[in-house]
>>> print(open('data.cif').read())   # mmCIF, C-alpha atoms
data_input
loop_
_atom_site.group_PDB
_atom_site.id
_atom_site.type_symbol
_atom_site.label_atom_id
_atom_site.label_comp_id
_atom_site.auth_asym_id
_atom_site.auth_seq_id
_atom_site.Cartn_x
_atom_site.Cartn_y
_atom_site.Cartn_z
ATOM 1 C CA MET R 1 123.620 -66.500 149.293
ATOM 2 C CA ALA R 2 123.778 -62.828 148.474
ATOM 3 C CA LEU R 3 121.504 -63.277 145.483
ATOM 4 C CA ILE R 4 118.988 -65.266 147.555
ATOM 5 C CA GLY R 5 118.963 -62.627 150.280
ATOM 6 C CA LEU R 6 118.598 -59.885 147.693
ATOM 7 C CA ALA R 7 115.765 -61.726 145.963
ATOM 8 C CA CYS R 8 113.856 -61.984 149.260
ATOM 9 C CA ALA R 9 114.552 -58.428 150.431
ATOM 10 C CA VAL R 10 113.777 -56.560 147.203
ATOM 11 C CA PRO R 11 110.054 -57.488 147.049
ATOM 12 C CA VAL R 12 109.577 -56.403 150.658
ATOM 13 C CA ALA R 13 111.331 -53.100 149.955
ATOM 14 C CA ALA R 14 109.209 -52.606 146.818
ATOM 15 C CA ILE R 15 105.994 -53.215 148.766
ATOM 16 C CA GLY R 16 107.166 -50.740 151.404
ATOM 17 C CA THR R 17 107.939 -48.143 148.745
ATOM 18 C CA VAL R 18 104.451 -48.491 147.258
ATOM 19 C CA LEU R 19 102.914 -48.229 150.730
ATOM 20 C CA LEU R 20 104.906 -45.089 151.488
ATOM 21 C CA HIS R 21 103.824 -43.574 148.177
ATOM 22 C CA ARG R 22 100.169 -44.159 149.030
ATOM 23 C CA LEU R 23 100.654 -42.687 152.499
ATOM 24 C CA ARG R 24 102.352 -39.531 151.211
ATOM 25 C CA ARG R 25 99.232 -37.436 151.833
ATOM 26 C CA GLY R 26 98.308 -39.188 155.054
ATOM 27 C CA SER R 27 99.641 -39.032 158.585
ATOM 28 C CA LEU R 28 103.311 -38.126 158.835
ATOM 29 C CA THR R 29 103.597 -40.213 162.010
ATOM 30 C CA VAL R 30 102.404 -43.364 160.239
ATOM 31 C CA SER R 31 104.744 -42.694 157.324
ATOM 32 C CA MET R 32 107.715 -42.423 159.694
ATOM 33 C CA ALA R 33 106.793 -45.743 161.339
ATOM 34 C CA VAL R 34 106.506 -47.462 157.948
ATOM 35 C CA LEU R 35 109.809 -45.917 156.864
ATOM 36 C CA VAL R 36 111.503 -47.539 159.861
ATOM 37 C CA LEU R 37 109.764 -50.899 159.535
ATOM 38 C CA VAL R 38 110.407 -51.417 155.797
ATOM 39 C CA PRO R 39 114.224 -51.846 156.010
ATOM 40 C CA LEU R 40 113.843 -54.047 159.101
ATOM 41 C CA ALA R 41 111.326 -56.268 157.320
ATOM 42 C CA ALA R 42 113.520 -56.403 154.192
ATOM 43 C CA THR R 43 116.556 -57.355 156.274
ATOM 44 C CA LEU R 44 114.621 -60.068 158.098
ATOM 45 C CA ALA R 45 113.229 -61.428 154.820
ATOM 46 C CA GLY R 46 116.736 -61.627 153.373
ATOM 47 C CA ILE R 47 118.039 -63.504 156.427
ATOM 48 C CA ILE R 48 115.149 -65.963 156.337
ATOM 49 C CA GLY R 49 115.745 -66.545 152.636
ATOM 50 C CA ILE R 50 119.445 -67.219 153.201
ATOM 51 C CA CYS R 51 118.551 -69.707 155.934
ATOM 52 C CA GLY R 52 116.382 -71.614 153.469
ATOM 53 C CA PHE R 53 113.139 -70.576 155.133
ATOM 54 C CA MET R 54 114.049 -72.799 158.077
ATOM 55 C CA TYR R 55 113.931 -71.904 161.753
ATOM 56 C CA THR R 56 117.573 -72.120 162.712
ATOM 57 C CA GLN R 57 119.742 -70.486 165.341
ATOM 58 C CA GLN R 58 120.657 -67.793 162.826
ATOM 59 C CA THR R 59 116.985 -67.142 162.166
ATOM 60 C CA GLN R 60 116.269 -66.984 165.898
ATOM 61 C CA ALA R 61 119.146 -64.569 166.454
ATOM 62 C CA ALA R 62 117.958 -62.396 163.551
ATOM 63 C CA LEU R 63 114.428 -62.317 164.951
ATOM 64 C CA VAL R 64 115.712 -61.272 168.374
ATOM 65 C CA VAL R 65 117.915 -58.530 166.923
ATOM 66 C CA CYS R 66 115.173 -57.210 164.644
ATOM 67 C CA GLY R 67 112.702 -57.271 167.523
ATOM 68 C CA LEU R 68 115.019 -55.260 169.764
ATOM 69 C CA VAL R 69 115.738 -52.785 167.009
ATOM 70 C CA THR R 70 112.000 -52.456 166.368
ATOM 71 C CA LEU R 71 111.299 -51.785 170.051
ATOM 72 C CA ILE R 72 113.807 -48.923 169.952
ATOM 73 C CA THR R 73 113.318 -47.381 166.531
ATOM 74 C CA VAL R 74 109.527 -47.477 166.148
ATOM 75 C CA PRO R 75 108.757 -45.382 169.272
ATOM 76 C CA VAL R 76 111.469 -42.932 168.260
ATOM 77 C CA ALA R 77 109.999 -42.739 164.750
ATOM 78 C CA LEU R 78 106.509 -42.126 166.174
ATOM 79 C CA LEU R 79 107.766 -39.333 168.417
ATOM 80 C CA LEU R 80 109.744 -37.779 165.565
ATOM 81 C CA GLY R 81 106.743 -38.048 163.248
ATOM 82 C CA ARG R 82 104.454 -36.346 165.747
ATOM 83 C CA SER R 83 107.005 -33.594 166.302
ATOM 84 C CA MET R 84 107.417 -33.017 162.575
ATOM 85 C CA SER R 85 103.656 -33.118 162.093
ATOM 86 C CA ARG R 86 103.087 -30.477 164.773
ATOM 87 C CA ARG R 87 105.817 -28.327 163.283
ATOM 88 C CA SER R 88 104.322 -28.709 159.808
ATOM 89 C CA VAL R 89 100.875 -27.705 161.085
ATOM 90 C CA TRP R 90 102.387 -24.740 162.928
ATOM 91 C CA GLU R 91 104.265 -23.640 159.805
ATOM 92 C CA ARG R 92 101.099 -23.829 157.699
ATOM 93 C CA GLU R 93 99.170 -21.819 160.286
ATOM 94 C CA ALA R 94 101.992 -19.283 160.512
ATOM 95 C CA ALA R 95 102.059 -18.938 156.732
ATOM 96 C CA SER R 96 98.289 -18.433 156.697
ATOM 97 C CA VAL R 97 98.565 -15.771 159.413
ATOM 98 C CA ARG R 98 101.324 -14.006 157.488
ATOM 99 C CA ARG R 99 99.246 -13.965 154.298
ATOM 100 C CA GLU R 100 96.244 -12.637 156.208
ATOM 101 C CA LEU R 101 98.369 -10.004 157.926
ATOM 102 C CA VAL R 102 99.866 -8.832 154.626
ATOM 103 C CA SER R 103 96.367 -8.595 153.151
ATOM 104 C CA TRP R 104 95.022 -6.539 156.051
ATOM 105 C CA ILE R 105 98.087 -4.318 156.262
ATOM 106 C CA SER R 106 97.991 -3.677 152.516
ATOM 107 C CA HIS R 107 94.362 -2.582 152.793
ATOM 108 C CA ASP R 108 95.053 -0.291 155.753
ATOM 109 C CA LEU R 109 98.152 1.245 154.192
ATOM 110 C CA ARG R 110 96.375 2.091 150.952
ATOM 111 C CA THR R 111 93.751 4.209 152.706
ATOM 112 C CA PRO R 112 96.056 6.792 154.354
ATOM 113 C CA LEU R 113 98.456 6.727 151.397
ATOM 114 C CA ALA R 114 95.612 7.460 148.981
ATOM 115 C CA GLY R 115 94.466 10.310 151.199
ATOM 116 C CA ILE R 116 97.956 11.780 151.457
ATOM 117 C CA ARG R 117 98.469 11.532 147.697
ATOM 118 C CA ALA R 118 95.144 13.183 146.904
ATOM 119 C CA MET R 119 95.680 16.055 149.344
ATOM 120 C CA THR R 120 99.302 16.692 148.332
ATOM 121 C CA GLU R 121 98.322 16.698 144.654
ATOM 122 C CA ALA R 122 95.569 19.213 145.411
ATOM 123 C CA LEU R 123 98.083 21.420 147.191
ATOM 124 C CA ALA R 124 100.720 21.043 144.467
ATOM 125 C CA ASP R 125 98.250 21.789 141.637
ATOM 126 C CA GLY R 126 96.915 24.877 143.370
ATOM 127 C CA VAL R 127 93.412 23.467 143.646
ATOM 128 C CA VAL R 128 93.491 24.503 147.289
ATOM 129 C CA SER R 129 94.866 27.991 147.789
ATOM 130 C CA ASP R 130 92.912 29.500 150.648
ATOM 131 C CA PRO R 131 95.217 29.687 153.717
ATOM 132 C CA ALA R 132 92.604 28.159 156.002
ATOM 133 C CA GLU R 133 92.002 25.256 153.629
ATOM 134 C CA VAL R 134 95.746 24.771 153.109
ATOM 135 C CA ARG R 135 96.210 24.605 156.890
ATOM 136 C CA GLU R 136 93.387 22.073 157.149
ATOM 137 C CA TYR R 137 94.933 19.913 154.434
ATOM 138 C CA VAL R 138 98.311 20.018 156.152
ATOM 139 C CA VAL R 139 96.744 18.927 159.435
ATOM 140 C CA ARG R 140 94.957 16.058 157.707
ATOM 141 C CA VAL R 141 98.149 14.958 155.925
ATOM 142 C CA ARG R 142 99.975 14.958 159.239
ATOM 143 C CA GLY R 143 97.181 12.888 160.789
ATOM 144 C CA GLU R 144 97.395 10.295 158.026
ATOM 145 C CA ALA R 145 101.191 10.216 158.402
ATOM 146 C CA ASP R 146 100.761 9.603 162.124
ATOM 147 C CA ARG R 147 98.472 6.679 161.314
ATOM 148 C CA LEU R 148 101.113 5.189 159.033
ATOM 149 C CA SER R 149 103.771 5.687 161.697
ATOM 150 C CA GLY R 150 101.578 3.943 164.247
ATOM 151 C CA MET R 151 101.098 0.946 161.947
ATOM 152 C CA VAL R 152 104.851 0.665 161.392
ATOM 153 C CA ASP R 153 105.471 0.852 165.148
ATOM 154 C CA ASP R 154 102.888 -1.893 165.736
ATOM 155 C CA LEU R 155 104.492 -4.137 163.128
ATOM 156 C CA PHE R 156 107.923 -3.604 164.662
ATOM 157 C CA GLU R 157 106.619 -4.346 168.160
ATOM 158 C CA LEU R 158 104.825 -7.473 166.954
ATOM 159 C CA SER R 159 107.966 -8.721 165.199
ATOM 160 C CA ARG R 160 109.965 -8.250 168.433
ATOM 161 C CA ILE R 161 107.340 -10.204 170.385
ATOM 162 C CA ASN R 162 107.284 -13.075 167.883
ATOM 163 C CA ALA R 163 111.083 -13.194 167.863
ATOM 164 C CA GLY R 164 111.184 -13.393 171.674
ATOM 165 C CA GLU R 165 113.192 -10.173 171.920
ATOM 166 C CA VAL R 166 110.912 -8.532 174.501
ATOM 167 C CA ARG R 167 112.617 -8.937 177.872
ATOM 168 C CA PRO R 168 111.030 -6.548 180.382
ATOM 169 C CA ARG R 169 112.899 -5.389 183.451
ATOM 170 C CA ARG R 170 111.754 -7.016 186.679
ATOM 171 C CA ASP R 171 111.344 -3.868 188.739
ATOM 172 C CA PRO R 172 108.565 -2.949 191.184
ATOM 173 C CA VAL R 173 106.088 -0.706 189.369
ATOM 174 C CA PRO R 174 103.177 1.030 191.145
ATOM 175 C CA LEU R 175 100.117 0.146 189.107
ATOM 176 C CA ARG R 176 98.585 3.502 189.956
ATOM 177 C CA ASP R 177 101.351 5.317 188.067
ATOM 178 C CA VAL R 178 100.732 3.168 184.989
ATOM 179 C CA VAL R 179 96.963 3.696 184.995
ATOM 180 C CA GLU R 180 97.200 7.441 185.588
ATOM 181 C CA ASP R 181 99.735 7.742 182.778
ATOM 182 C CA VAL R 182 97.522 5.846 180.317
ATOM 183 C CA VAL R 183 94.039 7.093 181.197
ATOM 184 C CA GLY R 184 93.468 10.448 179.543
ATOM 185 C CA SER R 185 89.815 10.438 178.566
ATOM 186 C CA SER R 186 86.732 11.560 180.424
ATOM 187 C CA SER R 187 85.007 8.465 179.031
ATOM 188 C CA VAL R 188 87.183 6.236 181.229
ATOM 189 C CA ARG R 189 86.109 5.615 184.824
ATOM 190 C CA VAL R 190 88.620 4.221 187.328
ATOM 191 C CA GLU R 191 87.315 2.223 190.287
ATOM 192 C CA VAL R 192 90.138 0.926 192.488
ATOM 193 C CA GLU R 193 90.106 0.370 196.243
ATOM 194 C CA GLU R 194 93.691 -0.857 196.581
ATOM 195 C CA TRP R 195 96.549 -0.060 194.226
ATOM 196 C CA PRO R 196 98.981 -3.007 194.021
ATOM 197 C CA VAL R 197 102.642 -2.848 193.092
ATOM 198 C CA VAL R 198 103.464 -5.161 190.203
ATOM 199 C CA LEU R 199 106.690 -6.750 189.037
ATOM 200 C CA GLY R 200 107.582 -5.922 185.466
ATOM 201 C CA GLY R 201 108.533 -3.313 182.924
ATOM 202 C CA GLN R 202 106.540 -0.094 183.041
ATOM 203 C CA ARG R 203 106.877 0.481 179.292
ATOM 204 C CA GLU R 204 105.467 -2.931 178.378
ATOM 205 C CA LEU R 205 102.657 -2.730 180.930
ATOM 206 C CA SER R 206 101.710 0.789 179.828
ATOM 207 C CA ARG R 207 101.664 -0.241 176.162
ATOM 208 C CA ALA R 208 99.478 -3.271 176.865
ATOM 209 C CA LEU R 209 96.997 -1.285 178.970
ATOM 210 C CA ARG R 210 96.920 1.564 176.438
ATOM 211 C CA ASN R 211 96.065 -0.887 173.665
ATOM 212 C CA LEU R 212 93.227 -2.320 175.754
ATOM 213 C CA LEU R 213 91.842 1.146 176.467
ATOM 214 C CA ASP R 214 92.124 2.219 172.829
ATOM 215 C CA ASN R 215 90.237 -0.891 171.780
ATOM 216 C CA ALA R 216 87.550 -0.339 174.436
ATOM 217 C CA LEU R 217 87.057 3.341 173.545
ATOM 218 C CA ARG R 218 86.909 2.569 169.825
ATOM 219 C CA HIS R 219 84.060 0.087 170.326
ATOM 220 C CA THR R 220 82.135 1.982 173.008
ATOM 221 C CA PRO R 221 79.379 4.449 171.963
ATOM 222 C CA GLU R 222 80.016 8.148 172.552
ATOM 223 C CA ASP R 223 77.608 8.196 175.493
ATOM 224 C CA GLY R 224 79.133 5.021 176.968
ATOM 225 C CA VAL R 225 81.761 4.623 179.671
ATOM 226 C CA VAL R 226 84.858 2.437 179.861
ATOM 227 C CA THR R 227 85.606 1.208 183.373
ATOM 228 C CA VAL R 228 89.042 0.251 184.693
ATOM 229 C CA ARG R 229 89.332 -1.779 187.891
ATOM 230 C CA ALA R 230 92.354 -3.246 189.672
ATOM 231 C CA GLY R 231 93.066 -5.460 192.640
ATOM 232 C CA VAL R 232 95.000 -8.401 194.032
ATOM 233 C CA ALA R 233 94.099 -12.100 193.945
ATOM 234 C CA ASP R 234 96.188 -15.193 194.762
ATOM 235 C CA GLY R 235 99.427 -13.254 194.927
ATOM 236 C CA SER R 236 98.944 -11.624 191.531
ATOM 237 C CA ALA R 237 97.744 -8.178 190.510
ATOM 238 C CA TRP R 238 94.872 -7.874 188.062
ATOM 239 C CA VAL R 239 93.397 -5.122 185.924
ATOM 240 C CA THR R 240 90.091 -5.287 184.090
ATOM 241 C CA VAL R 241 88.895 -3.045 181.268
ATOM 242 C CA ASP R 242 85.124 -3.119 180.718
ATOM 243 C CA ASP R 243 83.574 -1.555 177.646
ATOM 244 C CA GLU R 244 80.032 -1.197 176.296
ATOM 245 C CA CYS R 245 80.524 -2.692 172.855
ATOM 246 C CA GLY R 246 77.433 -4.876 173.080
ATOM 247 C CA GLY R 247 79.399 -8.087 173.560
ATOM 248 C CA ILE R 248 81.479 -10.347 171.352
ATOM 249 C CA PRO R 249 79.891 -13.301 169.511
ATOM 250 C CA PRO R 250 80.839 -16.532 171.328
ATOM 251 C CA GLY R 251 82.429 -17.899 168.176
ATOM 252 C CA ASP R 252 84.812 -14.913 168.032
ATOM 253 C CA LEU R 253 85.998 -14.945 171.648
ATOM 254 C CA ASP R 254 88.799 -17.421 170.910
ATOM 255 C CA ARG R 255 89.993 -15.333 167.946
ATOM 256 C CA VAL R 256 90.027 -11.893 169.552
ATOM 257 C CA PHE R 257 93.815 -11.999 170.023
ATOM 258 C CA ASP R 258 94.566 -13.346 166.538
ATOM 259 C CA VAL R 259 96.648 -11.049 164.370
ATOM 260 C CA ALA R 260 94.543 -8.781 162.123
ATOM 261 C CA PHE R 261 91.251 -10.184 163.441
ATOM 262 C CA ARG R 262 88.417 -7.681 163.845
ATOM 263 C CA GLY R 263 85.372 -9.903 163.914
ATOM 264 C CA GLY R 264 82.509 -9.608 161.496
ATOM 265 C CA GLN R 265 82.045 -5.859 161.665
ATOM 266 C CA ALA R 266 82.607 -3.849 158.524
ATOM 267 C CA ARG R 267 85.957 -2.167 158.116
ATOM 268 C CA THR R 268 85.776 1.569 157.884
ATOM 269 C CA PRO R 269 88.376 3.914 156.409
ATOM 270 C CA GLY R 270 88.497 5.906 159.612
ATOM 271 C CA GLU R 271 89.354 2.922 161.778
ATOM 272 C CA SER R 272 92.949 3.157 162.925
ATOM 273 C CA GLY R 273 95.390 0.320 163.284
ATOM 274 C CA ALA R 274 95.435 -3.009 161.534
ATOM 275 C CA GLY R 275 94.076 -5.363 164.168
ATOM 276 C CA LEU R 276 97.457 -5.559 165.940
ATOM 277 C CA GLY R 277 96.663 -3.845 169.231
ATOM 278 C CA LEU R 278 95.245 -6.841 171.094
ATOM 279 C CA PRO R 279 97.864 -9.365 169.862
ATOM 280 C CA ILE R 280 100.594 -6.929 170.932
ATOM 281 C CA ALA R 281 98.950 -6.468 174.332
ATOM 282 C CA GLN R 282 98.747 -10.218 174.866
ATOM 283 C CA GLY R 283 102.361 -10.723 173.780
ATOM 284 C CA LEU R 284 103.627 -8.015 176.144
ATOM 285 C CA VAL R 285 101.617 -9.375 179.079
ATOM 286 C CA ARG R 286 102.971 -12.868 178.467
ATOM 287 C CA ALA R 287 106.494 -11.432 178.359
ATOM 288 C CA LEU R 288 105.779 -9.997 181.814
ATOM 289 C CA GLY R 289 104.882 -13.473 183.047
ATOM 290 C CA GLY R 290 101.146 -12.754 183.146
ATOM 291 C CA SER R 291 98.041 -13.557 181.154
ATOM 292 C CA LEU R 292 95.340 -11.695 179.248
ATOM 293 C CA GLY R 293 91.835 -12.989 178.592
ATOM 294 C CA VAL R 294 88.457 -11.723 177.422
ATOM 295 C CA SER R 295 84.842 -12.543 178.251
ATOM 296 C CA ASN R 296 81.435 -11.004 177.743
ATOM 297 C CA HIS R 297 80.315 -8.949 180.704
ATOM 298 C CA GLY R 298 77.185 -6.864 181.145
ATOM 299 C CA THR R 299 76.550 -4.655 178.116
ATOM 300 C CA GLY R 300 79.977 -5.266 176.647
ATOM 301 C CA CYS R 301 83.080 -7.329 177.194
ATOM 302 C CA ARG R 302 85.775 -7.474 179.849
ATOM 303 C CA PHE R 303 89.497 -7.794 179.256
ATOM 304 C CA ARG R 304 91.285 -9.142 182.333
ATOM 305 C CA LEU R 305 95.026 -8.611 182.638
ATOM 306 C CA THR R 306 96.983 -10.498 185.310
ATOM 307 C CA VAL R 307 100.649 -9.875 186.140
ATOM 308 C CA PRO R 308 102.916 -10.975 188.999
ATOM 309 C CA ARG R 309 102.770 -8.882 192.143
ATOM 310 C CA SER R 310 105.956 -7.359 193.485
ATOM 311 C CA PRO R 311 107.352 -8.846 196.716
ATOM 312 C CA GLN R 312 107.654 -5.254 197.903
ATOM 313 C CA VAL R 313 103.976 -4.806 198.706
ATOM 314 C CA GLU R 314 102.936 -1.196 198.929
ATOM 315 C CA ARG R 315 99.605 0.379 199.399
ATOM 316 C CA VAL R 316 99.186 3.686 197.671
#
>>> encode(input="data.cif", output="structure tokens")
Amino acid sequence: MALIGLACAVPVAAIGTVLLHRLRRGSLTVSMAVLVLVPLAATLAGIIGICGFMYTQQTQAALVVCGLVTLITVPVALLLGRSMSRRSVWEREAASVRRELVSWISHDLRTPLAGIRAMTEALADGVVSDPAEVREYVVRVRGEADRLSGMVDDLFELSRINAGEVRPRRDPVPLRDVVEDVVGSSSVRVEVEEWPVVLGGQRELSRALRNLLDNALRHTPEDGVVTVRAGVADGSAWVTVDDECGGIPPGDLDRVFDVAFRGGQARTPGESGAGLGLPIAQGLVRALGGSLGVSNHGTGCRFRLTVPRSPQVERV
């Protein structure tokens, strides 16, 4: 009986193995379903063979058991396959983002490092000896070092966001204090009729808003103006930052907050950062329980930041 059952089950298992081999590059969900069905089909084939290919009570009982097992295991296999497929896709996307980030960061790190090396070599070799020129070189070296420090800080902040380690304090924060602390340029115009009090960490909110303003000022012409507005809607506080960058191509709007994404504009050596400001801003706003979006508006684009409003409503 054992040999008969084995003779009937082995061909079914072999067919299932071949089918799985052909599906190895296909859908993971389908492969999981086949992986569950193959041993069930092999078991059923062995039982039928032992029963002499006759419909007996044993065959009926085996069919009922296999049917019940199929009803339980196949849905579970489909769910597990979909979960593993989503995780696999996410891991591939994450790996692609990491490779892109390393590429962009490597490019941006080389520029200030090359400048620092060239200027320090000029100072060390005595090529520059005039006190005024030496002072200028020192100032430029310090500026490049500050750029490097800023990139390292951005990478550290982004790693904390991705690791879920950003946990802002839930304290009432007057939005006016945040805006006044961040706005320090005559090119920024503030138009607010009512200053709301928000619920969240002042450090995280200030960092997010500063990144938005830096991005807006960097892409606005020298004779342009960046406008900051704030208000309350549906129990939440909102802040908008409008620039005059000329607008963002519709195809790039969904990628604005991707790590290291700068659109199709040429990269210039003088451009600071590594495309991390907007992803950091979005991550911090989400940690505050809010949202951050972008849309084209007028002669530029508008970034809209929404955060929860504090139950302690104040009007400043």
>>> residues_around(input="data.cif", residues="Leu37 (chain R)", least_positions_apart="4", cutoff="9 Å", atoms="all atoms listed in the file", output="PyMOL selection string")
chain R and resi 16+32-33+41-42+70+73-74
>>> resolve_selection(input="data.cif", expression="the PyMOL selection byres ((chain R and resi 200) around 7)", output="list of chain:residue names")
R:Pro168, R:Arg169, R:Arg170, R:Asp171, R:Pro172, R:Val173, R:Val198, R:Leu199, R:Gly201, R:Gln202, R:Leu288
>>> atom_distance(input="data.cif", atom1="CA of Gly143 (chain R)", atom2="CA of Pro112 (chain R)")
8.9 Å
>>> atom_distance(input="data.cif", atom1="CA of Gly246 (chain R)", atom2="CA of Gly300 (chain R)")
4.4 Å
>>> resolve_selection(input="data.cif", expression="the PyMOL selection byres ((chain R and resi 208) around 10)", output="ChimeraX atom specification")
/R:182,202-207,209-213,277-285,292,305
>>> write_last_selection(input="data.cif", atoms="C-alpha atoms", output="compact mmCIF listing (two decimals), in the coordinates of the input")
# COMPACT_ATOMS: atom_id res chain seq x y z
CA VAL R 182 97.52 5.85 180.32
CA GLN R 202 106.54 -0.09 183.04
CA ARG R 203 106.88 0.48 179.29
CA GLU R 204 105.47 -2.93 178.38
CA LEU R 205 102.66 -2.73 180.93
CA SER R 206 101.71 0.79 179.83
CA ARG R 207 101.66 -0.24 176.16
CA LEU R 209 97.00 -1.28 178.97
CA ARG R 210 96.92 1.56 176.44
CA ASN R 211 96.06 -0.89 173.66
CA LEU R 212 93.23 -2.32 175.75
CA LEU R 213 91.84 1.15 176.47
CA GLY R 277 96.66 -3.84 169.23
CA LEU R 278 95.24 -6.84 171.09
CA PRO R 279 97.86 -9.36 169.86
CA ILE R 280 100.59 -6.93 170.93
CA ALA R 281 98.95 -6.47 174.33
CA GLN R 282 98.75 -10.22 174.87
CA GLY R 283 102.36 -10.72 173.78
CA LEU R 284 103.63 -8.02 176.14
CA VAL R 285 101.62 -9.38 179.08
CA LEU R 292 95.34 -11.70 179.25
CA LEU R 305 95.03 -8.61 182.64
>>> resolve_selection(input="data.cif", expression="the PyMOL selection byres ((chain R and resi 154-163) around 10)", output="ChimeraX atom specification")
/R:101,105,148-153,164-167,259,273-277,279-284,286-287
>>> closest_residue(input="data.cif", among="R:Ala237, R:Ala77, R:Cys245, R:Val65", to="Arg218 (chain R)", atoms="only C-alpha atoms")
R:Cys245
>>> atom_distance(input="data.cif", atom1="CA of Ala230 (chain R)", atom2="CA of Asp254 (chain R)")
23.8 Å
>>> closest_residue(input="data.cif", among="R:Val12, R:Leu71, R:Ala145, R:Val138", to="Ala114 (chain R)", atoms="only C-alpha atoms")
R:Ala145
>>> closest_residue(input="data.cif", among="R:Leu40, R:Val18, R:Val30, R:Ile48", to="Pro75 (chain R)", atoms="only C-alpha atoms")
R:Val30
>>> decode(input="data.cif", residues="region 193-212 of chain R", atoms="N, CA and C atoms", output="compact mmCIF listing (two decimals), in the first residue's frame")
# COMPACT_ATOMS: atom_id res chain seq x y z
N GLU R 193 -3.52 86.80 9.93
CA GLU R 193 -4.54 87.55 10.65
C GLU R 193 -4.75 86.99 12.06
N GLU R 194 -4.63 85.70 12.21
CA GLU R 194 -4.81 85.06 13.52
C GLU R 194 -3.70 84.05 13.74
N TRP R 195 -3.01 84.17 14.86
CA TRP R 195 -1.92 83.26 15.18
C TRP R 195 -2.45 82.11 16.03
N PRO R 196 -2.50 80.90 15.52
CA PRO R 196 -2.99 79.77 16.33
C PRO R 196 -1.91 79.24 17.26
N VAL R 197 -2.34 78.47 18.23
CA VAL R 197 -1.43 77.74 19.11
C VAL R 197 -1.51 76.27 18.71
N VAL R 198 -0.37 75.68 18.41
CA VAL R 198 -0.35 74.31 17.91
C VAL R 198 0.11 73.37 19.00
N LEU R 199 -0.11 72.08 18.76
CA LEU R 199 0.29 71.05 19.71
C LEU R 199 1.44 70.25 19.11
N GLY R 200 2.61 70.39 19.71
CA GLY R 200 3.76 69.67 19.17
C GLY R 200 5.06 70.23 19.68
N GLY R 201 6.15 69.64 19.22
CA GLY R 201 7.47 70.07 19.64
C GLY R 201 7.93 71.29 18.86
N GLN R 202 8.42 72.29 19.56
CA GLN R 202 8.86 73.52 18.90
C GLN R 202 10.10 73.27 18.06
N ARG R 203 11.00 72.40 18.52
CA ARG R 203 12.21 72.13 17.74
C ARG R 203 11.89 71.51 16.40
N GLU R 204 11.01 70.49 16.41
CA GLU R 204 10.65 69.81 15.17
C GLU R 204 9.89 70.74 14.22
N LEU R 205 8.97 71.52 14.77
CA LEU R 205 8.20 72.43 13.92
C LEU R 205 9.09 73.52 13.33
N SER R 206 10.01 74.04 14.13
CA SER R 206 10.93 75.06 13.64
C SER R 206 11.84 74.51 12.55
N ARG R 207 12.33 73.29 12.74
CA ARG R 207 13.21 72.68 11.73
C ARG R 207 12.46 72.47 10.42
N ALA R 208 11.23 71.97 10.50
CA ALA R 208 10.44 71.73 9.29
C ALA R 208 10.17 73.04 8.55
N LEU R 209 9.76 74.08 9.28
CA LEU R 209 9.45 75.36 8.64
C LEU R 209 10.72 76.01 8.09
N ARG R 210 11.84 75.87 8.79
CA ARG R 210 13.09 76.43 8.30
C ARG R 210 13.52 75.76 6.99
N ASN R 211 13.34 74.46 6.92
CA ASN R 211 13.67 73.75 5.67
C ASN R 211 12.80 74.22 4.52
N LEU R 212 11.53 74.45 4.78
CA LEU R 212 10.62 74.94 3.73
C LEU R 212 11.03 76.33 3.27
